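Student: First the structure, which I've put down as structure tokens, then a few questions once you've had a look.
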Amino acid sequence: MEKGTTILLGLRGVAVERVERVTGADGGPARLVHLRTAVSSAAGCPCCGVISTSVKQYRTTRPRDLPYGEEPLAVRWHKRQYRCREESCPRKAFTESIAEIPPRARLTGRLCRKAAAEVASGRSVSAVAAEYQVSWPVIHRHYAAHADQLLTEPEPPAVLGIDETRRGAPKWMHDDEAGRWVRTERFETNFTDLSGQGRLLGQVAGRTGKTVTGWLDDRGHAWKHQVQFVAMDPCAVYRSAVQRALPHAVIVVDHFHLVRLANQAVTRVRQRVTRQVLGRRGTTREPAWANRRRLLRAGERLSSEQFHRMWEEILTQEATGELLAAWIAKEELRFLLSLARQHAPQSEISNRLFAFYDWCARADVPEVTRLARTIEAWWPQILAFINTGITNARTEATNRMIKDAARIPYGFRNLENQRRRVRLHCKRTIISQPIRE
């Protein structure tokens with residue numbers, strides 16, 4: 001029957017002989033646990049497997065184990081070194097070892113697994129290394145091995161999301177030929193499974209069409225054939241790349257960015273009209289600047305009093321009516337996009353599209369005209385959104401998780417480490433499960 005201290009320690013393959021109270025390195029109380037081997041298989045030669053009974057000498061090792069309790073805990077494993085008596089075996093001597101403490105190991109297996117799980121849960125490698133008093137390379141090596149076992153080749157999704165994130169902060173570099181400073185940025189293109197749990201499938205450096213087609217071609221023809229829809233922002237480079245790599249897939253543009261383009265048009269009209277009328281930028285004294293947030297808010301979210309007071313104040317100063325025309329164009333576009341998931345007939349979609357184009361043409365505002373041309377260029381993809389209701393929202397959520405993963409260790413210098421950390425961080429369902437010991 002096992003002793004209570006052995007059960008309490010819970011380290012498979014060894015038994016507790018005794019526990020001593022000693023003085024720790026910091027001068028405080030500590031505990032010293034003496035262990036002996038508890039399995040007969042440890043006496044088997046690792047080469048031939050024959051159990052040996054010839055003891056050559058005794059050895060004591062100091063493997064590092066998980067902390068237990070408030071006082072420091074040290075381990076001393078007293079084990080035997082055997083002679084291998086098999087003539088045909090090239091091994092002449094070997095020392096006892098168990099699965100939890102392999103030969104020449106300085107850390108127990110459960111300490112390595114616990115440290116890898118801590119890093120996988122979102123903590124930085126340096127913080128885990130400081131807690132367990134282990135070097136950074138050792139913690140990172142075990143975490144990388146743990147992550148590589150979980151990050152297998154992704155299954156093909158029915159709906160694929162594509163978006164980009166900036167890697168690191170932008171930098172300014174001096175161009176000697178041009179004689180000026182140039183802003184440089186590094187981007188990563190992210191591929192997300194929108195038909196499942198929204199997990200990150202992979203990343204590739206850059207945001208060019210070649211990077212997108214290269215990543216998709218590496219998955220193989222059978223993988224690409226399973227993709228039926230691709231959701232993305234209004235990016236012409238990504239659209240042309242998907243059309244080349246996935247000619248059978250339906251491209252869906254995200255409506256959030258379309259509304260954002262309309263809001264940007266309203267903001268540009270407000271800024272331009274203010275400079276034309278006042279000869280300067282707006283201040284808190286101008287109604288258009290004071291109501292700039294309400295101009296970007298959805299019309300139905302404004303009360304009747306807020307709506308009338310806002311435009312009565314704005315139109316007293318802005319007599320051209322261009323800002324009102326841009327705001328109405330934005331609301332017409334939102335009215336058109338609201339047909340998503342409503343199974344609206346094609347006639348109603350055509351009527352609302354005509355109302356949007358007709359208003360943009362009669363408004364004759366440069367920013368509104370540019371917005372109408374963008375909608376016209378992306379109309380097949382917008383129509384696909386209205387008919388399917390597919391959005392790129394999960395990709396945007398994944399982008400936020402990517403940024404959070406990079407902020408924990410204050411950025412990455414190694415691109416491979418970053419991608420491993422990001423993919424495992426976004427694999428939420430696996431991270432939440434405990435690691436089996």
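In the structure tokens, the first chain shown is A, the next is B, and so on; residue numbers restart at 1 for each chain, and ligands run from 1 in the order shown.
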Report as JSON lines the residues of range 333-374 of chain A within 12 Å of range 298-302 of chain A, each with its shortest atom pair and distance in Å (one decimal), using only C-alpha atoms, ordered by chain and increasing residue number.
Tutor:
{"residue": "A:Leu333", "atom": "CA", "partner": "A:Ala298", "partner_atom": "CA", "distance": 11.2}
{"residue": "A:Arg334", "atom": "CA", "partner": "A:Ala298", "partner_atom": "CA", "distance": 8.4}
{"residue": "A:Phe335", "atom": "CA", "partner": "A:Gly299", "partner_atom": "CA", "distance": 10.1}
{"residue": "A:Ser338", "atom": "CA", "partner": "A:Ala298", "partner_atom": "CA", "distance": 11.7}
Student: Considering only alpha helix (DSSP H) as DSSP defines it on the backbone, what residues of range 85-219 of chain A qualify? List them as a PyMOL selection string.
Tutor: chain A and resi 109-120+125-132+136-150+209-219
Student: Keeping N, CA and C atoms for every residue in the selection just given, could you write it to a file as a tab-separated table (two decimals), in the first residue's frame?
Tutor:
chain	number	residue	atom	x	y	z
A	109	GLY	N	8.41	15.92	-15.86
A	109	GLY	CA	7.51	16.09	-16.99
A	109	GLY	C	6.32	16.97	-16.69
A	110	ARG	N	5.78	16.87	-15.48
A	110	ARG	CA	4.61	17.67	-15.16
A	110	ARG	C	4.96	19.14	-15.00
A	111	LEU	N	6.19	19.47	-14.61
A	111	LEU	CA	6.60	20.86	-14.58
A	111	LEU	C	6.69	21.42	-16.00
A	112	CYS	N	7.23	20.63	-16.93
A	112	CYS	CA	7.32	21.07	-18.32
A	112	CYS	C	5.94	21.27	-18.92
A	113	ARG	N	5.01	20.35	-18.64
A	113	ARG	CA	3.66	20.48	-19.19
A	113	ARG	C	2.93	21.67	-18.59
A	114	LYS	N	3.12	21.88	-17.29
A	114	LYS	CA	2.47	23.00	-16.63
A	114	LYS	C	3.00	24.33	-17.17
A	115	ALA	N	4.30	24.43	-17.36
A	115	ALA	CA	4.87	25.65	-17.91
A	115	ALA	C	4.38	25.90	-19.33
A	116	ALA	N	4.30	24.86	-20.15
A	116	ALA	CA	3.79	25.03	-21.52
A	116	ALA	C	2.34	25.45	-21.52
A	117	ALA	N	1.55	24.89	-20.59
A	117	ALA	CA	0.14	25.27	-20.51
A	117	ALA	C	-0.02	26.71	-20.06
A	118	GLU	N	0.84	27.18	-19.16
A	118	GLU	CA	0.76	28.56	-18.71
A	118	GLU	C	1.04	29.52	-19.86
A	119	VAL	N	2.05	29.23	-20.66
A	119	VAL	CA	2.34	30.09	-21.81
A	119	VAL	C	1.21	30.02	-22.83
A	120	ALA	N	0.67	28.81	-23.05
A	120	ALA	CA	-0.42	28.67	-24.01
A	120	ALA	C	-1.68	29.39	-23.58
A	125	VAL	N	6.47	34.13	-21.92
A	125	VAL	CA	7.47	33.11	-21.58
A	125	VAL	C	8.34	33.59	-20.42
A	126	SER	N	8.70	34.86	-20.41
A	126	SER	CA	9.56	35.38	-19.35
A	126	SER	C	8.87	35.33	-17.99
A	127	ALA	N	7.56	35.59	-17.95
A	127	ALA	CA	6.84	35.55	-16.68
A	127	ALA	C	6.77	34.13	-16.13
A	128	VAL	N	6.52	33.16	-17.00
A	128	VAL	CA	6.47	31.76	-16.55
A	128	VAL	C	7.86	31.29	-16.12
A	129	ALA	N	8.89	31.70	-16.86
A	129	ALA	CA	10.26	31.32	-16.49
A	129	ALA	C	10.64	31.89	-15.14
A	130	ALA	N	10.22	33.11	-14.86
A	130	ALA	CA	10.54	33.71	-13.56
A	130	ALA	C	9.78	33.02	-12.43
A	131	GLU	N	8.55	32.59	-12.67
A	131	GLU	CA	7.78	31.94	-11.62
A	131	GLU	C	8.35	30.59	-11.24
A	132	TYR	N	8.75	29.81	-12.23
A	132	TYR	CA	9.27	28.47	-11.96
A	132	TYR	C	10.79	28.42	-11.88
A	136	TRP	N	14.58	31.02	-19.92
A	136	TRP	CA	13.64	31.34	-21.01
A	136	TRP	C	13.72	30.31	-22.14
A	137	PRO	N	14.91	29.92	-22.62
A	137	PRO	CA	14.95	28.94	-23.72
A	137	PRO	C	14.31	27.60	-23.37
A	138	VAL	N	14.44	27.17	-22.13
A	138	VAL	CA	13.85	25.88	-21.75
A	138	VAL	C	12.33	25.96	-21.77
A	139	ILE	N	11.77	27.03	-21.18
A	139	ILE	CA	10.32	27.19	-21.19
A	139	ILE	C	9.80	27.31	-22.61
A	140	HIS	N	10.49	28.07	-23.44
A	140	HIS	CA	10.03	28.25	-24.82
A	140	HIS	C	10.13	26.95	-25.61
A	141	ARG	N	11.14	26.14	-25.36
A	141	ARG	CA	11.27	24.88	-26.09
A	141	ARG	C	10.10	23.94	-25.79
A	142	HIS	N	9.74	23.85	-24.51
A	142	HIS	CA	8.61	22.97	-24.17
A	142	HIS	C	7.29	23.55	-24.67
A	143	TYR	N	7.15	24.87	-24.63
A	143	TYR	CA	5.93	25.47	-25.18
A	143	TYR	C	5.83	25.25	-26.68
A	144	ALA	N	6.94	25.39	-27.40
A	144	ALA	CA	6.91	25.19	-28.85
A	144	ALA	C	6.54	23.75	-29.20
A	145	ALA	N	7.08	22.78	-28.44
A	145	ALA	CA	6.72	21.38	-28.69
A	145	ALA	C	5.24	21.13	-28.40
A	146	HIS	N	4.73	21.74	-27.34
A	146	HIS	CA	3.31	21.59	-27.01
A	146	HIS	C	2.44	22.23	-28.09
A	147	ALA	N	2.83	23.41	-28.57
A	147	ALA	CA	2.03	24.11	-29.58
A	147	ALA	C	2.06	23.37	-30.92
A	148	ASP	N	3.21	22.85	-31.30
A	148	ASP	CA	3.32	22.16	-32.60
A	148	ASP	C	2.46	20.90	-32.64
A	149	GLN	N	2.21	20.29	-31.49
A	149	GLN	CA	1.33	19.12	-31.46
A	149	GLN	C	-0.14	19.51	-31.69
A	150	LEU	N	-0.51	20.70	-31.28
A	150	LEU	CA	-1.89	21.14	-31.42
A	150	LEU	C	-2.18	21.82	-32.75
A	209	GLY	N	-1.34	40.28	-53.66
A	209	GLY	CA	-2.06	39.17	-54.27
A	209	GLY	C	-1.24	37.91	-54.34
A	210	LYS	N	0.06	38.05	-54.50
A	210	LYS	CA	0.93	36.88	-54.58
A	210	LYS	C	0.96	36.11	-53.27
A	211	THR	N	0.93	36.82	-52.15
A	211	THR	CA	0.92	36.13	-50.86
A	211	THR	C	-0.36	35.34	-50.66
A	212	VAL	N	-1.49	35.89	-51.10
A	212	VAL	CA	-2.78	35.20	-50.94
A	212	VAL	C	-2.83	33.96	-51.82
A	213	THR	N	-2.49	34.12	-53.10
A	213	THR	CA	-2.54	32.97	-54.00
A	213	THR	C	-1.52	31.91	-53.61
A	214	GLY	N	-0.36	32.33	-53.11
A	214	GLY	CA	0.65	31.36	-52.69
A	214	GLY	C	0.18	30.53	-51.51
A	215	TRP	N	-0.44	31.18	-50.52
A	215	TRP	CA	-0.92	30.42	-49.36
A	215	TRP	C	-2.04	29.47	-49.75
A	216	LEU	N	-2.94	29.90	-50.60
A	216	LEU	CA	-4.04	29.04	-51.02
A	216	LEU	C	-3.55	27.88	-51.88
A	217	ASP	N	-2.60	28.14	-52.78
A	217	ASP	CA	-2.08	27.07	-53.63
A	217	ASP	C	-1.33	26.01	-52.82
A	218	ASP	N	-0.70	26.44	-51.72
A	218	ASP	CA	0.00	25.47	-50.88
A	218	ASP	C	-0.95	24.49	-50.19
A	219	ARG	N	-2.21	24.85	-50.05
A	219	ARG	CA	-3.18	23.96	-49.41
A	219	ARG	C	-3.59	22.82	-50.33
Student: Return the single residue from A:Gln228, A:Thr284, A:Gln271, A:Ser350 that is closest to Glu318 in chain A, with distances computed using only C-alpha atoms.
Tutor: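 Residue with the minimum atom-to-atom distance to Glu318 in chain A: A:Gln271.
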Student: Would you tabulate, counting only C-alpha atoms, all residues of range 82-124 of chain A that have an atom at most 9 Å from an atom of range 392-411 of chain A, showing the closest pair of atoms and their distance in Å to one decimal, sorted by chain then ascending number, as a tab-separated table?
Tutor:
residue	atom	partner	partner_atom	distance
A:Gly122	CA	A:Ala405	CA	7.1
A:Arg123	CA	A:Ile408	CA	6.9
A:Ser124	CA	A:Pro409	CA	5.3
